[in-house]
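**Student:** File follows, start-v6.cif with mmCIF, C-alpha atoms and all ligand atoms:
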data_my_file
loop_
_atom_site.group_PDB
_atom_site.id
_atom_site.type_symbol
_atom_site.label_atom_id
_atom_site.label_comp_id
_atom_site.auth_asym_id
_atom_site.auth_seq_id
_atom_site.Cartn_x
_atom_site.Cartn_y
_atom_site.Cartn_z
ATOM 1 C CA MET A 27 4.138 5.112 21.075
ATOM 2 C CA LYS A 28 2.101 2.227 19.688
ATOM 3 C CA LEU A 29 4.978 0.948 17.515
ATOM 4 C CA LYS A 30 7.918 1.613 19.817
ATOM 5 C CA ASP A 31 11.125 0.028 18.446
ATOM 6 C CA LYS A 32 9.275 -1.812 15.656
ATOM 7 C CA VAL A 33 10.905 -1.844 12.219
ATOM 8 C CA ALA A 34 8.570 -1.143 9.276
ATOM 9 C CA LEU A 35 9.351 -1.599 5.581
ATOM 10 C CA ILE A 36 6.815 0.424 3.572
ATOM 11 C CA THR A 37 6.488 0.365 -0.229
ATOM 12 C CA ALA A 38 5.189 3.231 -2.365
ATOM 13 C CA ALA A 39 6.229 5.279 0.652
ATOM 14 C CA GLY A 40 7.231 8.238 -1.500
ATOM 15 C CA GLY A 41 3.542 8.476 -2.426
ATOM 16 C CA ALA A 42 0.576 9.857 -0.521
ATOM 17 C CA ILE A 43 -0.811 6.782 1.276
ATOM 18 C CA GLY A 44 2.556 5.082 1.939
ATOM 19 C CA GLY A 45 4.183 8.398 2.887
ATOM 20 C CA SER A 46 1.447 9.149 5.372
ATOM 21 C CA GLN A 47 1.887 5.693 6.945
ATOM 22 C CA ALA A 48 5.649 6.182 7.135
ATOM 23 C CA LYS A 49 5.285 9.501 8.993
ATOM 24 C CA LEU A 50 2.585 8.241 11.365
ATOM 25 C CA PHE A 51 4.452 5.015 12.152
ATOM 26 C CA ALA A 52 7.623 7.019 12.889
ATOM 27 C CA GLN A 53 5.672 9.333 15.213
ATOM 28 C CA GLU A 54 4.547 6.210 17.058
ATOM 29 C CA GLY A 55 8.127 5.058 17.605
ATOM 30 C CA ALA A 56 8.791 2.839 14.565
ATOM 31 C CA LYS A 57 12.006 2.842 12.562
ATOM 32 C CA VAL A 58 10.895 3.179 8.973
ATOM 33 C CA ALA A 59 12.448 2.035 5.686
ATOM 34 C CA VAL A 60 10.830 4.348 3.115
ATOM 35 C CA ALA A 61 10.855 2.362 -0.140
ATOM 36 C CA ASP A 62 9.767 3.658 -3.531
ATOM 37 C CA ILE A 63 10.698 3.229 -7.181
ATOM 38 C CA ASP A 64 11.276 6.992 -7.190
ATOM 39 C CA LEU A 65 14.188 7.466 -4.776
ATOM 40 C CA SER A 66 13.836 11.262 -4.772
ATOM 41 C CA LYS A 67 10.269 10.938 -3.440
ATOM 42 C CA ALA A 68 11.401 8.418 -0.809
ATOM 43 C CA LYS A 69 14.104 10.863 0.310
ATOM 44 C CA VAL A 70 11.571 13.672 0.793
ATOM 45 C CA ILE A 71 9.449 11.559 3.155
ATOM 46 C CA SER A 72 12.456 10.134 4.969
ATOM 47 C CA ASN A 73 13.884 13.626 5.536
ATOM 48 C CA GLN A 74 10.548 14.829 6.915
ATOM 49 C CA ILE A 75 10.660 11.966 9.429
ATOM 50 C CA LEU A 76 14.266 12.729 10.407
ATOM 51 C CA ASN A 77 13.473 16.441 10.784
ATOM 52 C CA ASN A 78 10.688 15.506 13.200
ATOM 53 C CA GLY A 79 13.108 13.475 15.320
ATOM 54 C CA GLY A 80 12.087 10.067 13.949
ATOM 55 C CA GLU A 81 14.194 7.215 12.577
ATOM 56 C CA SER A 82 14.121 6.506 8.860
ATOM 57 C CA PHE A 83 16.088 5.951 5.690
ATOM 58 C CA PRO A 84 15.091 5.927 2.001
ATOM 59 C CA ILE A 85 15.466 2.943 -0.342
ATOM 60 C CA LYS A 86 14.885 2.544 -4.056
ATOM 61 C CA ILE A 87 12.755 -0.505 -4.816
ATOM 62 C CA ASP A 88 10.893 -1.820 -7.821
ATOM 63 C CA VAL A 89 8.412 -4.185 -6.190
ATOM 64 C CA LYS A 90 8.084 -6.217 -9.408
ATOM 65 C CA ASP A 91 11.688 -7.345 -9.109
ATOM 66 C CA SER A 92 12.789 -10.081 -6.713
ATOM 67 C CA ASN A 93 16.421 -8.838 -6.673
ATOM 68 C CA SER A 94 15.227 -5.377 -5.774
ATOM 69 C CA TRP A 95 13.285 -6.829 -2.819
ATOM 70 C CA GLN A 96 16.350 -8.768 -1.719
ATOM 71 C CA ASP A 97 18.430 -5.571 -1.709
ATOM 72 C CA ALA A 98 15.763 -3.586 0.159
ATOM 73 C CA VAL A 99 15.420 -6.262 2.830
ATOM 74 C CA LYS A 100 19.215 -6.532 3.180
ATOM 75 C CA GLU A 101 19.522 -2.781 3.573
ATOM 76 C CA THR A 102 16.764 -2.681 6.191
ATOM 77 C CA LEU A 103 18.450 -5.474 8.150
ATOM 78 C CA ASN A 104 21.806 -3.660 7.941
ATOM 79 C CA GLN A 105 20.216 -0.486 9.292
ATOM 80 C CA TYR A 106 17.829 -1.867 11.908
ATOM 81 C CA GLY A 107 18.569 -5.583 12.400
ATOM 82 C CA THR A 108 15.067 -6.952 11.757
ATOM 83 C CA ILE A 109 11.685 -6.365 10.100
ATOM 84 C CA ASN A 110 8.463 -6.415 12.128
ATOM 85 C CA ILE A 111 5.958 -4.743 9.795
ATOM 86 C CA LEU A 112 5.584 -4.858 6.009
ATOM 87 C CA CYS A 113 3.201 -2.488 4.182
ATOM 88 C CA ASN A 114 2.523 -3.515 0.575
ATOM 89 C CA ASN A 115 1.133 -0.305 -0.944
ATOM 90 C CA ALA A 116 2.508 -0.217 -4.480
ATOM 91 C CA GLY A 117 -0.068 -0.553 -7.236
ATOM 92 C CA ALA A 118 -0.692 0.355 -10.862
ATOM 93 C CA ASN A 119 -3.772 0.986 -12.970
ATOM 94 C CA PHE A 120 -4.694 1.690 -16.569
ATOM 95 C CA ARG A 121 -8.267 2.981 -16.590
ATOM 96 C CA VAL A 122 -9.549 1.570 -19.852
ATOM 97 C CA GLU A 123 -12.467 -0.706 -20.611
ATOM 98 C CA PHE A 124 -12.078 -4.486 -20.832
ATOM 99 C CA GLU A 125 -11.696 -4.724 -24.605
ATOM 100 C CA GLU A 126 -9.231 -1.822 -24.738
ATOM 101 C CA GLN A 127 -6.921 -3.125 -22.016
ATOM 102 C CA SER A 128 -3.811 -4.616 -23.602
ATOM 103 C CA GLU A 129 -2.081 -7.754 -22.411
ATOM 104 C CA SER A 130 0.930 -5.705 -21.326
ATOM 105 C CA GLN A 131 -1.246 -3.303 -19.284
ATOM 106 C CA PHE A 132 -3.005 -6.227 -17.592
ATOM 107 C CA ARG A 133 0.344 -7.890 -16.815
ATOM 108 C CA GLU A 134 1.811 -4.654 -15.448
ATOM 109 C CA ILE A 135 -1.097 -4.154 -13.032
ATOM 110 C CA ILE A 136 -0.781 -7.732 -11.752
ATOM 111 C CA ASP A 137 3.025 -7.515 -11.644
ATOM 112 C CA VAL A 138 3.177 -4.373 -9.522
ATOM 113 C CA GLY A 139 0.192 -4.911 -7.241
ATOM 114 C CA LEU A 140 -0.194 -8.647 -6.778
ATOM 115 C CA ILE A 141 3.182 -10.213 -7.573
ATOM 116 C CA GLY A 142 4.928 -7.238 -5.935
ATOM 117 C CA SER A 143 3.000 -7.902 -2.697
ATOM 118 C CA PHE A 144 3.657 -11.661 -2.919
ATOM 119 C CA LEU A 145 7.393 -10.997 -3.319
ATOM 120 C CA GLY A 146 7.339 -8.618 -0.359
ATOM 121 C CA ILE A 147 5.854 -11.316 1.836
ATOM 122 C CA LYS A 148 8.283 -13.989 0.527
ATOM 123 C CA HIS A 149 11.332 -11.838 1.251
ATOM 124 C CA THR A 150 10.348 -10.550 4.707
ATOM 125 C CA ILE A 151 8.658 -13.594 6.220
ATOM 126 C CA PRO A 152 11.899 -15.403 7.255
ATOM 127 C CA PHE A 153 12.766 -12.481 9.550
ATOM 128 C CA MET A 154 9.260 -12.228 10.984
ATOM 129 C CA LYS A 155 9.341 -15.976 11.659
ATOM 130 C CA LYS A 156 12.653 -15.548 13.447
ATOM 131 C CA ASN A 157 10.966 -12.978 15.722
ATOM 132 C CA SER A 158 7.890 -15.226 16.152
ATOM 133 C CA ASN A 159 5.913 -12.075 15.443
ATOM 134 C CA GLY A 160 5.032 -9.758 12.590
ATOM 135 C CA VAL A 161 2.329 -7.871 10.696
ATOM 136 C CA ILE A 162 1.776 -7.744 6.929
ATOM 137 C CA LEU A 163 -0.556 -5.013 5.705
ATOM 138 C CA ASN A 164 -1.844 -5.207 2.152
ATOM 139 C CA LEU A 165 -3.634 -2.427 0.295
ATOM 140 C CA GLY A 166 -6.958 -3.228 -1.338
ATOM 141 C CA SER A 167 -9.574 -1.004 -2.930
ATOM 142 C CA LEU A 168 -13.281 -0.754 -3.693
ATOM 143 C CA ALA A 169 -12.253 -3.109 -6.512
ATOM 144 C CA SER A 170 -11.591 -5.715 -3.771
ATOM 145 C CA ILE A 171 -15.327 -5.543 -2.982
ATOM 146 C CA ARG A 172 -17.246 -4.558 -6.112
ATOM 147 C CA PRO A 173 -14.964 -4.716 -9.135
ATOM 148 C CA GLN A 174 -16.749 -3.165 -12.074
ATOM 149 C CA GLY A 175 -16.410 -3.289 -15.841
ATOM 150 C CA GLY A 176 -13.453 -0.963 -16.366
ATOM 151 C CA SER A 177 -9.838 -2.103 -16.005
ATOM 152 C CA PRO A 178 -10.043 -5.897 -15.682
ATOM 153 C CA GLY A 179 -6.413 -5.950 -14.532
ATOM 154 C CA TYR A 180 -7.189 -3.730 -11.525
ATOM 155 C CA ALA A 181 -10.289 -5.785 -10.664
ATOM 156 C CA SER A 182 -8.218 -8.975 -10.800
ATOM 157 C CA GLN A 183 -5.313 -7.509 -8.854
ATOM 158 C CA LYS A 184 -7.434 -6.137 -6.036
ATOM 159 C CA MET A 185 -9.644 -9.260 -5.774
ATOM 160 C CA GLY A 186 -6.409 -11.281 -5.832
ATOM 161 C CA MET A 187 -5.238 -9.382 -2.760
ATOM 162 C CA ILE A 188 -8.048 -11.048 -0.774
ATOM 163 C CA GLY A 189 -6.667 -14.495 -1.623
ATOM 164 C CA LEU A 190 -3.076 -13.446 -0.993
ATOM 165 C CA THR A 191 -4.024 -11.938 2.378
ATOM 166 C CA ARG A 192 -5.974 -15.002 3.515
ATOM 167 C CA SER A 193 -3.286 -17.381 2.299
ATOM 168 C CA ALA A 194 -0.560 -15.502 4.189
ATOM 169 C CA ALA A 195 -2.768 -15.140 7.287
ATOM 170 C CA SER A 196 -3.459 -18.857 7.509
ATOM 171 C CA SER A 197 0.105 -19.895 6.607
ATOM 172 C CA PHE A 198 1.801 -17.761 9.248
ATOM 173 C CA ALA A 199 -0.705 -17.479 12.132
ATOM 174 C CA LYS A 200 1.215 -20.203 13.988
ATOM 175 C CA TYR A 201 4.192 -17.827 14.157
ATOM 176 C CA ASP A 202 1.979 -14.999 15.478
ATOM 177 C CA ILE A 203 2.301 -13.236 12.138
ATOM 178 C CA ARG A 204 -0.886 -11.457 11.050
ATOM 179 C CA CYS A 205 -1.897 -10.388 7.557
ATOM 180 C CA VAL A 206 -4.740 -7.933 6.885
ATOM 181 C CA LEU A 207 -6.162 -6.210 3.809
ATOM 182 C CA ILE A 208 -7.164 -2.564 4.146
ATOM 183 C CA SER A 209 -9.444 -1.282 1.403
ATOM 184 C CA PRO A 210 -9.801 2.462 0.897
ATOM 185 C CA GLY A 211 -12.578 4.085 -1.104
ATOM 186 C CA HIS A 212 -11.816 7.252 -3.073
ATOM 187 C CA VAL A 213 -8.652 8.829 -1.670
ATOM 188 C CA ASP A 214 -7.530 12.218 -2.954
ATOM 189 C CA THR A 215 -3.968 11.296 -4.021
ATOM 190 C CA PRO A 216 -1.864 11.573 -7.194
ATOM 191 C CA PHE A 217 -2.980 8.013 -8.082
ATOM 192 C CA ILE A 218 -6.381 9.335 -9.218
ATOM 193 C CA ARG A 219 -5.485 13.016 -9.712
ATOM 194 C CA ASN A 220 -2.205 13.105 -11.703
ATOM 195 C CA ASP A 221 -0.917 11.588 -14.932
ATOM 196 C CA ASN A 222 1.654 9.036 -13.639
ATOM 197 C CA ASN A 223 3.342 6.310 -15.683
ATOM 198 C CA TYR A 224 2.061 3.669 -13.188
ATOM 199 C CA SER A 225 -1.412 5.224 -13.140
ATOM 200 C CA PRO A 226 -2.113 7.423 -16.168
ATOM 201 C CA ASN A 227 -4.988 9.905 -15.929
ATOM 202 C CA GLY A 228 -6.345 12.251 -18.553
ATOM 203 C CA TRP A 229 -9.261 14.673 -18.250
ATOM 204 C CA GLU A 230 -11.647 11.698 -18.707
ATOM 205 C CA THR A 231 -10.388 9.924 -15.550
ATOM 206 C CA SER A 232 -8.649 12.490 -13.300
ATOM 207 C CA ILE A 233 -10.380 13.977 -10.260
ATOM 208 C CA GLU A 234 -9.087 17.339 -11.539
ATOM 209 C CA ASN A 235 -12.199 17.056 -13.697
ATOM 210 C CA PRO A 236 -15.070 18.227 -11.413
ATOM 211 C CA GLU A 237 -17.436 15.724 -12.999
ATOM 212 C CA ASN A 238 -15.169 12.829 -11.898
ATOM 213 C CA TYR A 239 -14.546 14.358 -8.489
ATOM 214 C CA ASN A 240 -18.276 14.793 -7.853
ATOM 215 C CA LYS A 241 -19.057 11.287 -9.070
ATOM 216 C CA ARG A 242 -16.657 9.890 -6.457
ATOM 217 C CA LEU A 243 -17.998 12.303 -3.821
ATOM 218 C CA ASN A 244 -21.601 11.306 -4.503
ATOM 219 C CA ASP A 245 -20.489 7.671 -4.215
ATOM 220 C CA THR A 246 -19.350 8.319 -0.622
ATOM 221 C CA PRO A 247 -22.201 8.397 1.943
ATOM 222 C CA LEU A 248 -20.063 10.096 4.633
ATOM 223 C CA GLY A 249 -19.723 13.066 2.292
ATOM 224 C CA ARG A 250 -16.021 13.493 1.565
ATOM 225 C CA LEU A 251 -13.202 11.769 -0.248
ATOM 226 C CA GLN A 252 -10.723 10.065 2.083
ATOM 227 C CA THR A 253 -7.324 11.527 2.839
ATOM 228 C CA ALA A 254 -4.093 9.537 2.930
ATOM 229 C CA GLU A 255 -4.097 10.186 6.699
ATOM 230 C CA ASP A 256 -7.496 8.447 7.078
ATOM 231 C CA ILE A 257 -5.939 5.334 5.581
ATOM 232 C CA ALA A 258 -2.695 5.611 7.569
ATOM 233 C CA LYS A 259 -4.598 5.704 10.875
ATOM 234 C CA THR A 260 -6.174 2.343 10.099
ATOM 235 C CA PHE A 261 -2.792 0.914 9.074
ATOM 236 C CA LEU A 262 -1.448 2.062 12.439
ATOM 237 C CA PHE A 263 -4.308 0.418 14.319
ATOM 238 C CA VAL A 264 -3.840 -2.893 12.480
ATOM 239 C CA ALA A 265 -0.047 -2.797 12.875
ATOM 240 C CA SER A 266 -0.338 -2.221 16.617
ATOM 241 C CA ASP A 267 -1.065 -4.712 19.407
ATOM 242 C CA ASP A 268 -4.575 -3.209 19.636
ATOM 243 C CA ALA A 269 -5.365 -5.439 16.637
ATOM 244 C CA SER A 270 -3.589 -8.546 17.957
ATOM 245 C CA MET A 271 -6.617 -10.787 17.234
ATOM 246 C CA ILE A 272 -7.265 -9.460 13.709
ATOM 247 C CA THR A 273 -5.937 -11.506 10.811
ATOM 248 C CA GLY A 274 -7.075 -12.678 7.390
ATOM 249 C CA SER A 275 -9.793 -10.044 7.218
ATOM 250 C CA MET A 276 -10.474 -6.938 5.184
ATOM 251 C CA ILE A 277 -11.158 -3.556 6.756
ATOM 252 C CA THR A 278 -12.776 -0.892 4.584
ATOM 253 C CA VAL A 279 -11.960 2.810 5.044
ATOM 254 C CA ASP A 280 -14.263 4.203 2.411
ATOM 255 C CA GLY A 281 -16.789 6.568 3.979
ATOM 256 C CA GLY A 282 -19.428 3.940 3.232
ATOM 257 C CA ALA A 283 -18.765 3.799 -0.518
ATOM 258 C CA ALA A 284 -18.967 0.005 -0.592
ATOM 259 C CA ILE A 285 -22.395 -0.154 1.082
HETATM 260 N N1 LIG A 301 -6.009 6.935 -4.323
HETATM 261 C C1 LIG A 301 -7.031 6.132 -4.272
HETATM 262 O O1 LIG A 301 -8.196 6.532 -4.442
HETATM 263 C C2 LIG A 301 -6.822 4.665 -3.954
HETATM 264 C C3 LIG A 301 -7.923 3.902 -3.576
HETATM 265 C C4 LIG A 301 -7.724 2.554 -3.297
HETATM 266 C C5 LIG A 301 -6.461 2.007 -3.376
HETATM 267 N N2 LIG A 301 -5.420 2.788 -3.753
HETATM 268 C C6 LIG A 301 -4.113 2.151 -3.864
HETATM 269 O O2 LIG A 301 -3.101 3.005 -3.346
HETATM 270 C C7 LIG A 301 -1.871 2.742 -4.033
HETATM 271 C C8 LIG A 301 -1.357 4.044 -4.630
HETATM 272 O O3 LIG A 301 -1.006 4.923 -3.593
HETATM 273 P P1 LIG A 301 -1.413 6.455 -3.560
HETATM 274 O O4 LIG A 301 -2.892 6.545 -3.766
HETATM 275 O O5 LIG A 301 -0.803 7.040 -2.347
HETATM 276 O O6 LIG A 301 -0.770 7.039 -4.905
HETATM 277 P P2 LIG A 301 0.578 7.867 -5.182
HETATM 278 O O7 LIG A 301 0.591 8.035 -6.656
HETATM 279 O O8 LIG A 301 0.660 9.085 -4.317
HETATM 280 O O9 LIG A 301 1.749 6.902 -4.728
HETATM 281 C C9 LIG A 301 2.135 5.761 -5.449
HETATM 282 C C10 LIG A 301 3.634 5.549 -5.230
HETATM 283 O O10 LIG A 301 3.974 4.253 -5.736
HETATM 284 C C11 LIG A 301 5.267 4.335 -6.301
HETATM 285 N N3 LIG A 301 5.436 3.196 -7.214
HETATM 286 C C12 LIG A 301 4.875 3.012 -8.434
HETATM 287 N N4 LIG A 301 5.304 1.866 -8.986
HETATM 288 C C13 LIG A 301 6.159 1.298 -8.088
HETATM 289 C C14 LIG A 301 6.949 0.112 -8.094
HETATM 290 N N5 LIG A 301 6.942 -0.730 -9.142
HETATM 291 N N6 LIG A 301 7.723 -0.153 -7.019
HETATM 292 C C15 LIG A 301 7.757 0.695 -5.962
HETATM 293 N N7 LIG A 301 7.041 1.843 -5.901
HETATM 294 C C16 LIG A 301 6.244 2.141 -6.957
HETATM 295 C C17 LIG A 301 5.263 5.688 -6.999
HETATM 296 O O11 LIG A 301 6.564 6.168 -7.279
HETATM 297 C C18 LIG A 301 4.507 6.556 -5.988
HETATM 298 O O12 LIG A 301 5.386 7.221 -5.103
HETATM 299 C C19 LIG A 301 -2.207 1.704 -5.105
HETATM 300 O O13 LIG A 301 -1.933 0.411 -4.625
HETATM 301 C C20 LIG A 301 -3.693 1.896 -5.289
HETATM 302 O O14 LIG A 301 -4.307 0.734 -5.806
HETATM 303 C C21 LIG A 301 -5.558 4.103 -4.032
#
How would this structure read if it were set down as structure tokens?
Ligand SMILES: NC(=O)c1ccc[n+]([C@@H]2O[C@H](COP(=O)([O-])OP(=O)(O)OC[C@H]3O[C@@H](n4cnc5c(N)ncnc54)[C@H](O)[C@@H]3O)[C@@H](O)[C@H]2O)c1
**Tutor:**
Amino acid sequence: MKLKDKVALITAAGGAIGGSQAKLFAQEGAKVAVADIDLSKAKVISNQILNNGGESFPIKIDVKDSNSWQDAVKETLNQYGTINILCNNAGANFRVEFEEQSESQFREIIDVGLIGSFLGIKHTIPFMKKNSNGVILNLGSLASIRPQGGSPGYASQKMGMIGLTRSAASSFAKYDIRCVLISPGHVDTPFIRNDNNYSPNGWETSIENPENYNKRLNDTPLGRLQTAEDIAKTFLFVASDDASMITGSMITVDGGAAI
């Protein structure tokens, strides 16, 4: 019970990585607000938690929208009275080369991933400050370490998460509020497998295509793609008191892909 009685607000929690965090945090005693732009997906995860005896409720949120954050925070406070942990997981990508990426695609990637995470911090920090305690967990990527030529928006968003994380960590350390960036490698989730509106994939980019799957596999020295559970376990560690002296840093969970 590493998170006993803690309240966690988790975005993109209807998805693979956020959903896995939500279930693991609930198993460890947290009360979990499962927030996603797709309410039906949030409900599935929340019901799984309830069926396992945990505490949870689903919320619809569009992380790009300040009003939506306000509503989600209000609802979490109504349900559980406070917020101790924020997980900023929501992201977007359009996997096209620099010259093909449109202004609107670039803006969308920044809006969802970077501004969405900034808004999450802005709206939850007053309650963490009130508790004189809190943990903010941001989601990075290999693009936070070695951004490459494709998708300049994604490179900028994920490098931007380093600055956002360090800025929050140094601003709020005096209130015992920590902020950490966790950067996965290649995780087998719908984000890189399916054709989603926030992350379109065709045969050229999807890991359904064995050539793409094997490229990512060969890029991973430990010999397998990560699972959402691999990432959730690190989120749990950083959210818990076991990591009470970790802030402002980045932790990679990538099977060595960034080496
Ligand atoms: N899968 C990978 O290989 C990988 C690697 C590194 C980082 N990431 C990061 O993981 C995140 C994606 O998570 P996943 O891999 O579990 O994918 P996923 O597709 O399973 O989940 C993404 C979830 O985000 C939700 N979402 C999309 N736009 C939203 C918005 N505006 N507001 C709220 N929710 C929104 C979707 O409805 C979906 O449920 C992104 O931030 C991505 O950059 C993924």
**Student:** Could I get the residues of chain A with an atom no further than 7 Å from an atom of ligand LIG 301 (chain A), each paired with its nearest atom pair and that distance in Å to one decimal, using all atoms listed in the file, sorted by chain and residue number, as JSON lines?
**Tutor:**
{"residue": "A:Thr37", "atom": "CA", "partner": "A:LIG301", "partner_atom": "C15", "distance": 5.9}
{"residue": "A:Ala38", "atom": "CA", "partner": "A:LIG301", "partner_atom": "O10", "distance": 3.7}
{"residue": "A:Ala39", "atom": "CA", "partner": "A:LIG301", "partner_atom": "O12", "distance": 6.1}
{"residue": "A:Gly40", "atom": "CA", "partner": "A:LIG301", "partner_atom": "O12", "distance": 4.2}
{"residue": "A:Gly41", "atom": "CA", "partner": "A:LIG301", "partner_atom": "O9", "distance": 3.3}
{"residue": "A:Ala42", "atom": "CA", "partner": "A:LIG301", "partner_atom": "O5", "distance": 3.6}
{"residue": "A:Ile43", "atom": "CA", "partner": "A:LIG301", "partner_atom": "O5", "distance": 3.6}
{"residue": "A:Gly44", "atom": "CA", "partner": "A:LIG301", "partner_atom": "O5", "distance": 5.8}
{"residue": "A:Ala61", "atom": "CA", "partner": "A:LIG301", "partner_atom": "C15", "distance": 6.8}
{"residue": "A:Asp62", "atom": "CA", "partner": "A:LIG301", "partner_atom": "N7", "distance": 4.0}
{"residue": "A:Ile63", "atom": "CA", "partner": "A:LIG301", "partner_atom": "C15", "distance": 4.1}
{"residue": "A:Asp64", "atom": "CA", "partner": "A:LIG301", "partner_atom": "O11", "distance": 4.8}
{"residue": "A:Lys67", "atom": "CA", "partner": "A:LIG301", "partner_atom": "O12", "distance": 6.4}
{"residue": "A:Ile87", "atom": "CA", "partner": "A:LIG301", "partner_atom": "C15", "distance": 5.3}
{"residue": "A:Asp88", "atom": "CA", "partner": "A:LIG301", "partner_atom": "N6", "distance": 3.7}
{"residue": "A:Val89", "atom": "CA", "partner": "A:LIG301", "partner_atom": "N6", "distance": 4.2}
{"residue": "A:Lys90", "atom": "CA", "partner": "A:LIG301", "partner_atom": "N5", "distance": 5.6}
{"residue": "A:Asn115", "atom": "CA", "partner": "A:LIG301", "partner_atom": "O13", "distance": 4.8}
{"residue": "A:Ala116", "atom": "CA", "partner": "A:LIG301", "partner_atom": "O13", "distance": 4.5}
{"residue": "A:Gly117", "atom": "CA", "partner": "A:LIG301", "partner_atom": "O13", "distance": 3.4}
{"residue": "A:Ala118", "atom": "CA", "partner": "A:LIG301", "partner_atom": "C19", "distance": 6.1}
{"residue": "A:Val138", "atom": "CA", "partner": "A:LIG301", "partner_atom": "N5", "distance": 5.3}
{"residue": "A:Gly139", "atom": "CA", "partner": "A:LIG301", "partner_atom": "O13", "distance": 6.3}
{"residue": "A:Leu165", "atom": "CA", "partner": "A:LIG301", "partner_atom": "O13", "distance": 5.9}
{"residue": "A:Gly166", "atom": "CA", "partner": "A:LIG301", "partner_atom": "C5", "distance": 5.6}
{"residue": "A:Ser167", "atom": "CA", "partner": "A:LIG301", "partner_atom": "C4", "distance": 4.0}
{"residue": "A:Leu168", "atom": "CA", "partner": "A:LIG301", "partner_atom": "C4", "distance": 6.5}
{"residue": "A:Ser209", "atom": "CA", "partner": "A:LIG301", "partner_atom": "C4", "distance": 6.3}
{"residue": "A:Pro210", "atom": "CA", "partner": "A:LIG301", "partner_atom": "C4", "distance": 4.7}
{"residue": "A:Gly211", "atom": "CA", "partner": "A:LIG301", "partner_atom": "C3", "distance": 5.3}
{"residue": "A:His212", "atom": "CA", "partner": "A:LIG301", "partner_atom": "O1", "distance": 3.9}
{"residue": "A:Val213", "atom": "CA", "partner": "A:LIG301", "partner_atom": "O1", "distance": 3.6}
{"residue": "A:Asp214", "atom": "CA", "partner": "A:LIG301", "partner_atom": "N1", "distance": 5.7}
{"residue": "A:Thr215", "atom": "CA", "partner": "A:LIG301", "partner_atom": "N1", "distance": 4.8}
{"residue": "A:Pro216", "atom": "CA", "partner": "A:LIG301", "partner_atom": "O7", "distance": 4.3}
{"residue": "A:Phe217", "atom": "CA", "partner": "A:LIG301", "partner_atom": "O7", "distance": 3.8}
{"residue": "A:Ile218", "atom": "CA", "partner": "A:LIG301", "partner_atom": "N1", "distance": 5.5}
{"residue": "A:Tyr224", "atom": "CA", "partner": "A:LIG301", "partner_atom": "C12", "distance": 5.6}
{"residue": "A:Ala254", "atom": "CA", "partner": "A:LIG301", "partner_atom": "O5", "distance": 6.7}
**Student:** Select, counting all atoms listed in the file, all protein, DNA and RNA residues no farther than 12 Å from (-3.4, -7.9, 20.2) in file coordinates, and express the selection as JSON, numbers by chain.
**Tutor:** {"A": [28, 159, 160, 161, 202, 203, 204, 263, 264, 265, 266, 267, 268, 269, 270, 271, 272, 273]}
**Student:** Run through the PyMOL selection byres (((chain A and resi 201) around 12) and not hetatm) on the given coordinates and return the selected residues as a list of chain:residue names.
**Tutor:**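 This file, filtered by the PyMOL selection byres (((chain A and resi 201) around 12) and not hetatm), leaves A:Ile151, A:Pro152, A:Phe153, A:Met154, A:Lys155, A:Lys156, A:Asn157, A:Ser158, A:Asn159, A:Gly160, A:Val161, A:Ala194, A:Ala195, A:Ser196, A:Ser197, A:Phe198, A:Ala199, A:Lys200, A:Asp202, A:Ile203, A:Arg204, A:Cys205.
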**Student:** Can you tell me which residues surround Gln131 in chain A at a distance of at most 12 Å, considering all atoms listed in the file, apart from same-chain residues fewer than 3 positions away, and format the answer as a list in words?
**Tutor:** Ala118, Asn119, Phe120, Arg121, Val122, Glu123, Phe124, Glu125, Glu126, Gln127, Ser128, Glu134, Ile135, Ile136, Asp137, Val138, Ser177, Pro178, Gly179, Tyr180, Gln183, Asn223, Tyr224, Ser225 and Pro226 of chain A
**Student:** Evaluate the PyMOL selection byres (((chain A and resi 102) around 9) and not hetatm) on the structure here and hand back the selected residues as number ranges by chain.
**Tutor:** A: 33-35, 58-59, 83, 85, 97-101, 103-109
